[in-house]
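First the structure, in the form of structure tokens, and then the observations on it.
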Amino acid sequence: QVTLVESGGGSVQAGGSLKLSCAASAFIFSTCSMGWYRQAPGKERELVSTITSGGTTIYADSVKGRFTIVRDNAKNTLYLQMNNLKIEDTAAYYCAACKKGTIFQSWGQGTQVTVSS
């Protein structure tokens, strides 16, 4: 059974930084596309960033230049470095693994990020 465990969320002031981690197990991590999504209260889940098995990355316009997605295939871990955080980045952040077509097949439980002024 695929397991994705996120960590690294927390509370930070605007302009601060956080680094999220997603520890993956029970699948061949290096062969899968991975991604980060987020969901703010009252809003739909939205794409933050994705990275293919080959390292190609995509970012939402709202986070470009501030967030960096990185995968460590040796550690089966996905990261999201978030800098210059804004209040509107407040959300639950979810790790996603392994696309079938355009849809990610597995999801973590999420980690909360709260940015205050």
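By convention in this document, the chains of the structure tokens carry letters A, B, ... by their order, each chain's residues are numbered from 1, and ligands are numbered from 1 in the order they are shown.
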
Practice item. Determine which residues of chain A DSSP labels as strand (DSSP E) from the backbone of this structure, then write them out as a PyMOL selection string. Key: chain A and resi 3-7+10-13+18-25+34-39+46-51+57-59+67-72+77-82+91-100+103-107+111-116

A straight line from atom CA of Ala92 of chain A to atom CA of Val70 of chain A spans 19.0 Å

(message) Residues within 7 Å of Thr52 of chain A, please, as a list of chain:residue names. Count only C-alpha atoms; anything in the same chain fewer than 2 positions from it doesn't count.
(response) A:Cys32, A:Ser33, A:Met34, A:Thr50, A:Gly54, A:Gly55, A:Thr56, A:Thr57

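Within chain A, DSSP applied to the backbone places the following residues in helix (DSSP H, G or I): Phe29, Ser30, Thr31, Ile87, Glu88 and Asp89 of chain A.
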
Output file for the selection above: N, CA, C and O atoms, as a PDB file, in the first residue's frame:
ATOM      1  N   PHE A  29       9.518   4.985  -6.044  1.00  0.00           N
ATOM      2  CA  PHE A  29       9.440   6.443  -5.997  1.00  0.00           C
ATOM      3  C   PHE A  29      10.052   7.081  -7.240  1.00  0.00           C
ATOM      4  O   PHE A  29       9.482   7.998  -7.813  1.00  0.00           O
ATOM      5  N   SER A  30      11.195   6.585  -7.654  1.00  0.00           N
ATOM      6  CA  SER A  30      11.950   7.239  -8.723  1.00  0.00           C
ATOM      7  C   SER A  30      11.223   7.216 -10.064  1.00  0.00           C
ATOM      8  O   SER A  30      11.535   8.014 -10.948  1.00  0.00           O
ATOM      9  N   THR A  31      10.257   6.341 -10.219  1.00  0.00           N
ATOM     10  CA  THR A  31       9.568   6.215 -11.501  1.00  0.00           C
ATOM     11  C   THR A  31       8.290   7.040 -11.586  1.00  0.00           C
ATOM     12  O   THR A  31       7.662   7.099 -12.639  1.00  0.00           O
ATOM     13  N   ILE A  87       0.292  35.556   3.387  1.00  0.00           N
ATOM     14  CA  ILE A  87      -0.897  35.136   4.131  1.00  0.00           C
ATOM     15  C   ILE A  87      -1.764  34.227   3.270  1.00  0.00           C
ATOM     16  O   ILE A  87      -2.327  33.241   3.763  1.00  0.00           O
ATOM     17  N   GLU A  88      -1.817  34.508   1.979  1.00  0.00           N
ATOM     18  CA  GLU A  88      -2.650  33.697   1.083  1.00  0.00           C
ATOM     19  C   GLU A  88      -2.085  32.303   0.815  1.00  0.00           C
ATOM     20  O   GLU A  88      -2.726  31.494   0.142  1.00  0.00           O
ATOM     21  N   ASP A  89      -0.898  32.021   1.327  1.00  0.00           N
ATOM     22  CA  ASP A  89      -0.353  30.661   1.229  1.00  0.00           C
ATOM     23  C   ASP A  89      -0.907  29.756   2.332  1.00  0.00           C
ATOM     24  O   ASP A  89      -0.638  28.543   2.328  1.00  0.00           O
TER      25      ASP A  89
END

For Tyr37 of chain A, the closest of A:Gly110, A:Gly16, A:Gly101, A:Gly65 counting only C-alpha atoms is A:Gly110

>> Please list as a ChimeraX atom specification every residue within 10 Å of Met82 of chain A, counting only C-alpha atoms and excluding residues in the same chain fewer than 5 positions away.
In response: /A:15-20,63,65-69,89

Filtering to N, CA, C and O atoms, could you give me those residues as a CSV table (one decimal), in the first residue's frame?
chain,number,residue,atom,x,y,z
A,15,GLY,N,6.6,36.5,5.0
A,15,GLY,CA,8.0,36.7,4.7
A,15,GLY,C,8.9,35.6,5.1
A,15,GLY,O,10.1,35.6,4.7
A,16,GLY,N,8.4,34.7,5.9
A,16,GLY,CA,9.2,33.6,6.5
A,16,GLY,C,9.3,32.5,5.5
A,16,GLY,O,8.7,32.5,4.4
A,17,SER,N,9.9,31.4,6.0
A,17,SER,CA,10.1,30.2,5.2
A,17,SER,C,9.7,28.9,5.9
A,17,SER,O,9.8,28.9,7.1
A,18,LEU,N,9.3,28.0,5.2
A,18,LEU,CA,9.1,26.6,5.7
A,18,LEU,C,9.5,25.6,4.6
A,18,LEU,O,9.5,25.9,3.4
A,19,LYS,N,9.9,24.4,5.1
A,19,LYS,CA,10.2,23.3,4.1
A,19,LYS,C,9.4,22.1,4.5
A,19,LYS,O,9.5,21.6,5.6
A,20,LEU,N,8.6,21.8,3.5
A,20,LEU,CA,7.7,20.6,3.7
A,20,LEU,C,8.5,19.4,3.2
A,20,LEU,O,9.2,19.4,2.2
A,63,VAL,N,3.0,30.9,-6.9
A,63,VAL,CA,4.2,30.5,-6.1
A,63,VAL,C,5.5,30.6,-6.9
A,63,VAL,O,6.6,30.3,-6.3
A,65,GLY,N,8.9,31.5,-8.3
A,65,GLY,CA,9.9,32.3,-7.7
A,65,GLY,C,10.0,32.3,-6.2
A,65,GLY,O,11.0,32.9,-5.7
A,66,ARG,N,9.1,31.7,-5.6
A,66,ARG,CA,9.1,31.6,-4.1
A,66,ARG,C,9.2,30.2,-3.6
A,66,ARG,O,9.8,30.0,-2.6
A,67,PHE,N,8.6,29.3,-4.3
A,67,PHE,CA,8.6,27.8,-3.9
A,67,PHE,C,9.5,27.0,-4.8
A,67,PHE,O,9.6,27.3,-6.0
A,68,THR,N,10.1,26.0,-4.2
A,68,THR,CA,11.0,25.1,-5.0
A,68,THR,C,10.6,23.7,-4.7
A,68,THR,O,10.7,23.3,-3.5
A,69,ILE,N,10.3,22.9,-5.7
A,69,ILE,CA,10.1,21.4,-5.4
A,69,ILE,C,11.3,20.7,-5.8
A,69,ILE,O,12.0,20.9,-6.8
A,89,ASP,N,-0.9,32.0,1.3
A,89,ASP,CA,-0.4,30.7,1.2
A,89,ASP,C,-0.9,29.8,2.3
A,89,ASP,O,-0.6,28.5,2.3

Quick one: residues within 8 Å of Cys95 of chain A, only C-alpha atoms counted, chain neighbours fewer than 2 positions away excluded, as a PyMOL selection string?
chain A and resi 4-6+22+34-37+93+97+107-110

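Contact shell of Val115 of chain A at 8 Å (only C-alpha atoms; same-chain neighbours under 5 positions omitted): Ser11, Val12, Gln13, Ala14, Leu85, Lys86, Ile87, Glu88, Asp89 and Thr90 of chain A.
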